[in-house]
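Novice: Structure supplied as work_39.txt; contents: compact mmCIF, C-alpha atoms.
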```
# COMPACT_ATOMS: atom_id res chain seq x y z
CA MET A 2 66.90 -6.02 236.55
CA ARG A 3 68.20 -3.06 234.58
CA THR A 4 65.41 -3.56 232.03
CA LEU A 5 62.80 -3.62 234.79
CA LEU A 6 64.19 -0.44 236.33
CA ALA A 7 64.24 1.27 232.94
CA LEU A 8 60.63 0.31 232.26
CA THR A 9 59.60 1.50 235.71
CA ALA A 10 61.34 4.85 235.20
CA LEU A 11 59.66 5.22 231.80
CA ALA A 12 56.24 4.51 233.30
CA VAL A 13 56.77 7.05 236.05
CA GLY A 14 57.96 9.63 233.54
CA LEU A 15 54.88 9.14 231.37
CA ALA A 16 52.61 9.42 234.38
CA VAL A 17 54.21 12.68 235.47
CA SER A 18 53.98 14.03 231.91
CA ALA A 19 50.30 13.13 231.73
CA ILE A 20 49.58 14.83 235.05
CA GLY A 21 51.51 17.96 234.04
CA ALA A 22 49.89 18.28 230.60
CA ALA A 23 46.93 20.64 230.57
CA ALA A 24 43.67 19.01 229.53
CA PRO A 25 41.86 20.57 226.55
CA PRO A 26 39.33 23.21 227.65
CA PRO A 27 35.62 22.29 227.64
CA THR A 28 33.92 22.88 224.28
CA GLN A 29 30.42 22.28 222.91
CA VAL A 30 31.66 19.17 221.13
CA PRO A 31 34.41 17.46 223.16
CA GLY A 32 37.74 17.50 221.34
CA GLN A 33 36.49 19.99 218.73
CA LEU A 34 36.65 23.77 218.40
CA THR A 35 33.46 25.01 216.75
CA VAL A 36 34.03 28.40 215.13
CA GLY A 37 31.44 30.93 213.99
CA VAL A 38 32.40 32.65 210.73
CA SER A 39 30.83 35.00 208.18
CA LEU A 40 32.06 34.03 204.72
CA PRO A 41 33.21 35.42 202.39
CA SER A 42 35.92 37.98 203.02
CA GLU A 43 38.82 37.81 200.60
CA GLY A 44 42.09 36.81 202.20
CA PHE A 45 40.45 36.06 205.55
CA GLN A 46 37.74 33.46 204.96
CA VAL A 47 36.28 32.21 201.70
CA GLY A 48 34.77 28.86 200.81
CA VAL A 49 31.65 26.84 200.13
CA VAL A 50 28.61 27.15 202.40
CA LYS A 51 25.32 25.25 202.43
CA GLY A 52 22.89 26.86 204.84
CA SER A 53 24.90 27.28 208.02
CA GLN A 54 27.23 24.41 207.17
CA VAL A 55 30.69 25.35 205.93
CA ILE A 56 31.67 22.57 203.55
CA TRP A 57 35.11 23.94 202.70
CA ALA A 58 36.98 27.11 203.59
CA GLN A 59 40.39 28.73 203.46
CA GLY A 60 42.03 31.99 204.46
CA LEU A 61 43.96 33.68 207.24
CA GLU A 62 41.23 33.27 209.85
CA ILE A 63 40.51 29.67 208.84
CA ASP A 64 44.19 28.80 209.35
CA LEU A 65 44.23 30.83 212.56
CA ALA A 66 41.24 28.89 213.94
CA GLN A 67 42.94 25.58 213.17
CA ALA A 68 46.21 26.73 214.75
CA LEU A 69 44.25 27.93 217.78
CA ALA A 70 42.51 24.56 218.14
CA SER A 71 45.87 22.80 218.00
CA LYS A 72 47.31 25.06 220.72
CA LEU A 73 44.26 24.32 222.87
CA GLY A 74 44.85 20.60 222.50
CA LEU A 75 41.72 20.04 220.39
CA GLU A 76 41.89 17.54 217.55
CA GLN A 77 39.24 18.97 215.22
CA THR A 78 37.94 22.31 213.95
CA SER A 79 34.42 22.88 212.63
CA PHE A 80 33.00 26.08 211.08
CA VAL A 81 29.46 27.48 211.26
CA GLN A 82 28.28 30.23 208.90
CA SER A 83 26.46 33.19 210.43
CA ARG A 84 25.34 36.71 209.69
CA PHE A 85 28.15 39.02 210.78
CA ASP A 86 26.33 40.95 213.52
CA ARG A 87 25.11 37.75 215.18
CA LEU A 88 28.71 36.77 215.91
CA TYR A 89 28.96 39.39 218.65
CA SER A 90 25.33 39.72 219.75
CA ALA A 91 24.02 38.52 223.10
CA GLY A 92 22.61 35.04 223.68
CA ALA A 93 23.53 31.38 223.32
CA LYS A 94 25.58 30.45 220.26
CA PRO A 95 26.05 27.21 218.31
CA TRP A 96 29.82 27.78 218.37
CA ASP A 97 32.61 28.11 220.91
CA VAL A 98 34.31 31.15 219.42
CA ALA A 99 33.71 33.51 216.49
CA ILE A 100 36.43 34.73 214.13
CA ALA A 101 35.49 37.10 211.31
CA GLU A 102 37.45 40.37 211.29
CA ILE A 103 35.47 41.43 214.37
CA THR A 104 36.76 44.76 215.62
CA ILE A 105 36.87 45.08 219.40
CA THR A 106 34.69 48.00 220.49
CA ALA A 107 33.25 49.18 223.81
CA GLU A 108 29.71 48.71 222.50
CA ARG A 109 30.35 45.11 221.43
CA ARG A 110 31.95 44.31 224.79
CA ARG A 111 28.52 44.82 226.36
CA THR A 112 27.30 41.61 224.74
CA THR A 113 30.50 39.70 223.99
CA ALA A 114 33.77 38.66 225.58
CA PHE A 115 36.78 39.42 223.37
CA SER A 116 40.19 37.83 223.28
CA ARG A 117 43.38 39.82 223.00
CA SER A 118 43.95 41.31 219.54
CA TYR A 119 45.40 39.20 216.74
CA MET A 120 45.61 41.95 214.09
CA SER A 121 45.64 45.76 213.81
CA VAL A 122 43.84 47.31 210.82
CA ASP A 123 42.38 50.49 209.34
CA GLN A 124 39.41 51.11 207.09
CA GLY A 125 39.89 51.35 203.33
CA VAL A 126 38.02 53.06 200.51
CA LEU A 127 37.71 51.35 197.12
CA ALA A 128 36.19 53.17 194.13
CA ALA A 129 33.93 51.90 191.36
CA GLN A 130 35.21 51.63 187.80
CA THR A 131 32.50 54.07 186.75
CA LEU A 132 33.87 56.86 188.96
CA ARG A 133 35.46 59.37 186.60
CA ARG A 134 37.28 61.60 189.07
CA VAL A 135 38.76 59.73 191.98
CA PRO A 136 39.14 61.91 195.10
CA LYS A 137 42.42 62.02 196.99
CA THR A 138 41.19 63.60 200.21
CA MET A 139 38.51 62.95 202.84
CA ALA A 140 36.66 66.06 201.70
CA GLY A 141 36.58 64.72 198.16
CA LEU A 142 34.72 61.61 199.33
CA ARG A 143 31.85 63.56 200.84
CA SER A 144 29.98 64.11 197.58
CA LEU A 145 30.07 60.42 196.61
CA GLN A 146 27.49 57.72 197.13
CA LEU A 147 29.24 55.61 199.74
CA CYS A 148 28.28 52.08 200.77
CA ALA A 149 29.28 49.99 203.77
CA LEU A 150 28.49 46.76 205.53
CA ARG A 151 25.59 47.13 207.96
CA ARG A 152 26.58 47.29 211.66
CA SER A 153 30.28 47.39 210.83
CA THR A 154 32.98 49.82 211.88
CA GLY A 155 33.22 50.74 208.19
CA ALA A 156 29.65 52.02 208.37
CA GLU A 157 30.54 54.15 211.41
CA VAL A 158 33.59 55.58 209.65
CA ALA A 159 31.57 56.34 206.51
CA ARG A 160 28.80 58.10 208.43
CA GLU A 161 30.75 59.88 211.17
CA THR A 162 34.34 60.37 209.96
CA ILE A 163 33.79 60.93 206.25
CA ALA A 164 30.28 62.37 206.81
CA PRO A 165 29.03 62.35 203.19
CA THR A 166 26.27 64.63 201.96
CA LYS A 167 24.22 61.61 200.80
CA PRO A 168 23.04 58.90 203.22
CA VAL A 169 25.40 55.93 203.32
CA LEU A 170 23.85 52.84 201.73
CA LEU A 171 24.12 49.94 204.18
CA VAL A 172 24.37 46.42 202.77
CA GLY A 173 23.79 43.13 204.57
CA ASN A 174 26.79 41.13 203.34
CA VAL A 175 30.13 41.54 201.59
CA PRO A 176 29.22 39.87 198.24
CA THR A 177 26.30 42.28 197.78
CA LEU A 178 28.49 45.19 198.85
CA MET A 179 31.07 44.38 196.19
CA LEU A 180 28.42 43.67 193.54
CA ASP A 181 26.89 47.10 194.20
CA LEU A 182 30.35 48.59 193.67
CA GLN A 183 30.77 46.71 190.37
CA THR A 184 27.37 47.80 189.04
CA GLY A 185 27.91 51.43 190.02
CA ARG A 186 25.15 51.58 192.64
CA CYS A 187 27.96 52.59 194.99
CA GLN A 188 30.62 55.03 193.86
CA ALA A 189 32.92 53.82 196.63
CA VAL A 190 32.79 51.35 199.51
CA VAL A 191 34.23 51.67 203.00
CA TYR A 192 35.40 48.36 204.43
CA ASP A 193 38.40 46.78 206.16
CA ALA A 194 41.54 47.85 204.30
CA PRO A 195 43.28 44.42 204.18
CA ALA A 196 40.22 42.74 202.66
CA LEU A 197 39.62 45.53 200.11
CA GLY A 198 43.30 45.64 199.16
CA THR A 199 43.36 41.87 198.67
CA LEU A 200 40.16 41.97 196.59
CA LYS A 201 41.61 44.66 194.36
CA ALA A 202 44.95 42.86 193.99
CA ARG A 203 43.29 39.57 192.99
CA ALA A 204 40.76 41.09 190.58
CA PRO A 205 42.29 44.40 189.42
CA LEU A 206 39.88 44.89 186.48
CA ARG A 207 36.73 44.30 188.50
CA TYR A 208 36.94 47.48 190.57
CA GLY A 209 38.24 51.00 190.29
CA PRO A 210 41.31 52.33 192.13
CA PHE A 211 41.97 51.92 195.82
CA VAL A 212 41.35 55.46 197.02
CA GLY A 213 43.16 55.19 200.34
CA VAL A 214 43.05 54.32 204.01
CA VAL A 215 41.16 55.99 206.84
CA GLU A 216 43.31 55.49 209.93
CA THR A 217 41.25 53.97 212.74
CA GLY A 218 43.75 51.78 214.61
CA GLU A 219 41.20 48.98 214.99
CA GLU A 220 42.03 45.66 216.64
CA TYR A 221 40.53 42.33 215.59
CA GLY A 222 39.62 39.96 218.40
CA ILE A 223 38.03 36.54 218.80
CA ALA A 224 34.47 36.80 220.14
CA MET A 225 33.02 34.48 222.79
CA PRO A 226 29.84 34.50 224.85
CA ARG A 227 30.25 36.49 228.06
CA GLY A 228 31.49 34.30 230.88
CA SER A 229 33.03 31.76 228.51
CA ALA A 230 35.56 29.45 230.16
CA LEU A 231 37.55 29.60 226.91
CA LEU A 232 38.61 33.23 227.32
CA GLY A 233 41.75 32.50 229.36
CA PRO A 234 42.91 29.51 227.28
CA VAL A 235 42.26 31.38 224.01
CA ASN A 236 44.29 34.39 225.17
CA LYS A 237 47.15 32.12 226.21
CA ALA A 238 47.04 30.29 222.86
CA LEU A 239 46.95 33.56 220.87
CA ALA A 240 49.94 34.86 222.81
CA ALA A 241 51.86 31.70 221.90
CA LEU A 242 50.84 31.96 218.22
CA SER A 243 52.05 35.55 218.18
CA ALA A 244 55.32 34.74 219.94
CA ASP A 245 56.22 31.87 217.63
CA GLY A 246 55.52 33.93 214.48
CA THR A 247 52.46 31.96 213.32
CA ILE A 248 50.14 34.96 213.04
CA GLU A 249 52.73 37.00 211.13
CA ARG A 250 53.29 34.11 208.72
CA LEU A 251 49.57 33.81 208.08
CA GLN A 252 49.34 37.53 207.30
CA ARG A 253 52.17 37.26 204.79
CA LYS A 254 50.54 34.19 203.22
CA TRP A 255 46.99 35.51 202.79
CA ILE A 256 47.08 39.32 202.65
CA THR A 257 48.33 40.12 199.16
CA VAL A 258 48.64 43.88 199.55
CA HIS A 259 51.27 45.93 201.38
CA LEU A 260 49.07 48.03 203.65
CA GLU A 261 51.93 50.35 204.54
CA ASP A 262 52.09 51.45 200.88
CA LEU A 263 48.45 52.56 200.69
CA PRO A 264 47.78 56.34 200.73
CA VAL A 265 46.27 57.76 203.93
CA LEU A 266 43.23 59.97 203.44
CA ARG A 267 43.27 63.28 205.33
```
Let me see whether you can do it: turn the structure in this file into structure tokens.
Specialist:
Amino acid sequence: MRTLLALTALAVGLAVSAIGAAAPPPTQVPGQLTVGVSLPSEGFQVGVVKGSQVIWAQGLEIDLAQALASKLGLEQTSFVQSRFDRLYSAGAKPWDVAIAEITITAERRRTTAFSRSYMSVDQGVLAAQTLRRVPKTMAGLRSLQLCALRRSTGAEVARETIAPTKPVLLVGNVPTLMLDLQTGRCQAVVYDAPALGTLKARAPLRYGPFVGVVETGEEYGIAMPRGSALLGPVNKALAALSADGTIERLQRKWITVHLEDLPVLR
């Protein structure tokens, strides 16, 4: 009799637990979080891509996506390669969410729903090896040939905040941007400070000195199509990942430069 009562109590307990547990949110592929990315960006997302298929990837945002999927109760994570500006443009997407160092801006909110922030950053300036005299002020940057990623906040900072005398060269992707810096086509590039600092730290002889940081106080967010049912669950999951220290641990693991030690350009 005691055994029967114990089994009955266990069954009731499991039923209550099942009812109380939140079901995973609806996604394009049931049980899977499909994530739009824009590889590569050192420290954040690098890997092997074939067409739009991401065969293998690692980095802060790759780990963050997998931790996010787990918090949402989803068993799998899949990644889809995309051009950066398409991650926050209007229209249907072949992914549930997009994670790629996407700064939250008022303009981008017109076409995209953003989660709460998962990281605060500034823009950085990295010089070419061929640059003989490295400037130490904002004014000193204005005579240089600057390059930036097209349709990025770095491009806005280069054009409007630094305001160089020569037109800023806009490049379509990060590998080409960094290659142009190596070959001397660009005397300096303006891009997200954590990524530039990590690139410089991992390949110190490939580039010139890290000139400094332009303070912008940007916030990275996860992008979703407007009206996405995932917005609430993603915000709740991000809050939990922040509270339990996961996001901080990922930053320490993947960002190999102490941003607080970088000089601020005035």
Novice: Write out as a list in words each polymer residue whose atoms come within 7 Å of segment 195-203 of chain A, counting all atoms listed in the file; drop sequence neighbours fewer than 4 positions from it.
Specialist: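 After dropping sequence-adjacent residues, the list is Ser42, Glu43, Gly44, Gly125, Leu127, Tyr208, Ile256, Thr257, Val258 and Leu260 of chain A.
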Novice: Mind giving me the straight-line distance from atom CA of Ala68 of chain A to atom CA of Ala91 of chain A in Å, one decimal?
Specialist: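 Going from atom CA of Ala68 of chain A over to atom CA of Ala91 of chain A covers 26.5 Å.
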Novice: Quick one: pull the distance between atom CA of Ala241 of chain A and atom CA of Thr112 of chain A, Å, one decimal.
Specialist: 26.6 Å
Novice: What separation in Å, quoted to one decimal, exists between atom CA of Ala114 of chain A and atom CA of Val158 of chain A?
Specialist: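 Going from atom CA of Ala114 of chain A over to atom CA of Val158 of chain A, I get 23.2 Å.
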Novice: Show me the residues close to (29.0, 67.2, 197.4) - anything with an atom within 12 Å, counting only C-alpha atoms - and format the list as a PyMOL selection string.
Specialist: chain A and resi 136+139-147+163-168
Novice: Restricting the calculation to all atoms listed in the file, which member of A:Val212, A:Ala224, A:Val175, A:Ala128 is positioned closest to Trp96 of chain A?
Specialist: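 Comparing A:Val212, A:Ala224, A:Val175, A:Ala128 against Trp96 of chain A, the winner is A:Ala224.
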Novice: When distances are computed from all atoms listed in the file, which of A:Ala156, A:Met179, A:Leu232, A:Ile100 shows the smallest separation from Arg207 of chain A?
Specialist: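 The shortest atom-to-atom distance to Arg207 of chain A comes from A:Met179.
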Novice: When distances are computed from all atoms listed in the file, which of A:Arg110, A:Arg267, A:Arg151, A:Arg134 shows the smallest separation from Gln188 of chain A?
Specialist: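 Of A:Arg110, A:Arg267, A:Arg151, A:Arg134, the one nearest Gln188 of chain A is A:Arg134, counting all atoms listed in the file.
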Novice: Could the centre and edge lengths of an axis-aligned box, enclosing all atoms of segment 35-54 of chain A in the file with 5 Å extra on each side, be given in Å to one decimal as lines of an AutoDock Vina configuration file?
Specialist:
```
center_x = 32.5
center_y = 31.2
center_z = 208.4
size_x = 29.2
size_y = 23.6
size_z = 26.6
```
Novice: Looking at A:Arg84, A:Thr217, A:Phe45, A:His259, which one is nearest to Val172 of chain A, with distances taken over only C-alpha atoms?
Specialist: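 When distances to Val172 of chain A are compared using only C-alpha atoms, the smallest one comes from A:Arg84.
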Novice: Which residues are close to segment 47-58 of chain A, i.e. within 9 Å by all atoms listed in the file, leaving aside same-chain residues fewer than 3 positions away? Reply as a list in words.
Specialist: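 Once the adjacent positions are removed, what remains is Val38, Ser39, Leu40, Pro41, Ser42, Glu43, Gly44, Ile63, Ser79, Phe80, Val81, Gln82 and Ser83 of chain A.
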Novice: Measuring between all atoms listed in the file, which one of A:Ser71, A:Gln59, A:Thr154, A:Thr78 shows the shortest distance to Val30 of chain A?
Specialist: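 Smallest separation from Val30 of chain A among the options: A:Thr78.
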Novice: Find the residue from A:Leu75, A:Leu132, A:Val36, A:Ala230 that sits nearest to Cys187 of chain A; use all atoms listed in the file when measuring.
Specialist: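 Closest to Cys187 of chain A, using all atoms listed in the file: A:Leu132.
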Novice: Which residues are near Trp255 of chain A? Cut-off 7 Å, all atoms listed in the file, ignore same chain within fewer than 2 positions. Put them as a list of chain:residue names.
Specialist: A:Gly44, A:Gly60, A:Leu61, A:Leu251, A:Gln252, A:Arg253, A:Thr257
Novice: Identify the residues around (25.0, 38.0, 224.4) within a radius of 8 Å, measuring from only C-alpha atoms in the coordinates stated by the file, and give them as a ChimeraX atom specification.
Specialist: /A:89-93,111-113,226-227
Novice: What's around Leu73 of chain A at 7 Å? Count only C-alpha atoms, leave out sequence neighbours fewer than 3 positions away in its own chain, and write the answer as number ranges by chain.
Specialist: A: 25-26, 69-70, 234, 238
Novice: Quick one: everything within 9 Å of Lys72 of chain A, counting all atoms listed in the file, minus sequence neighbours fewer than 5 positions away in the same chain. Send it as a PyMOL selection string.
Specialist: chain A and resi 67+235+237-239+241-242
Novice: Take the residues from that selection and write them out as a compact mmCIF listing (two decimals), in the frame of the given file, keeping C-alpha atoms.
Specialist:
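out.txt, written as the output of this step:
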```txt
# COMPACT_ATOMS: atom_id res chain seq x y z
CA GLN A 67 42.94 25.58 213.17
CA VAL A 235 42.26 31.38 224.01
CA LYS A 237 47.15 32.12 226.21
CA ALA A 238 47.04 30.29 222.86
CA LEU A 239 46.95 33.56 220.87
CA ALA A 241 51.86 31.70 221.90
CA LEU A 242 50.84 31.96 218.22
```
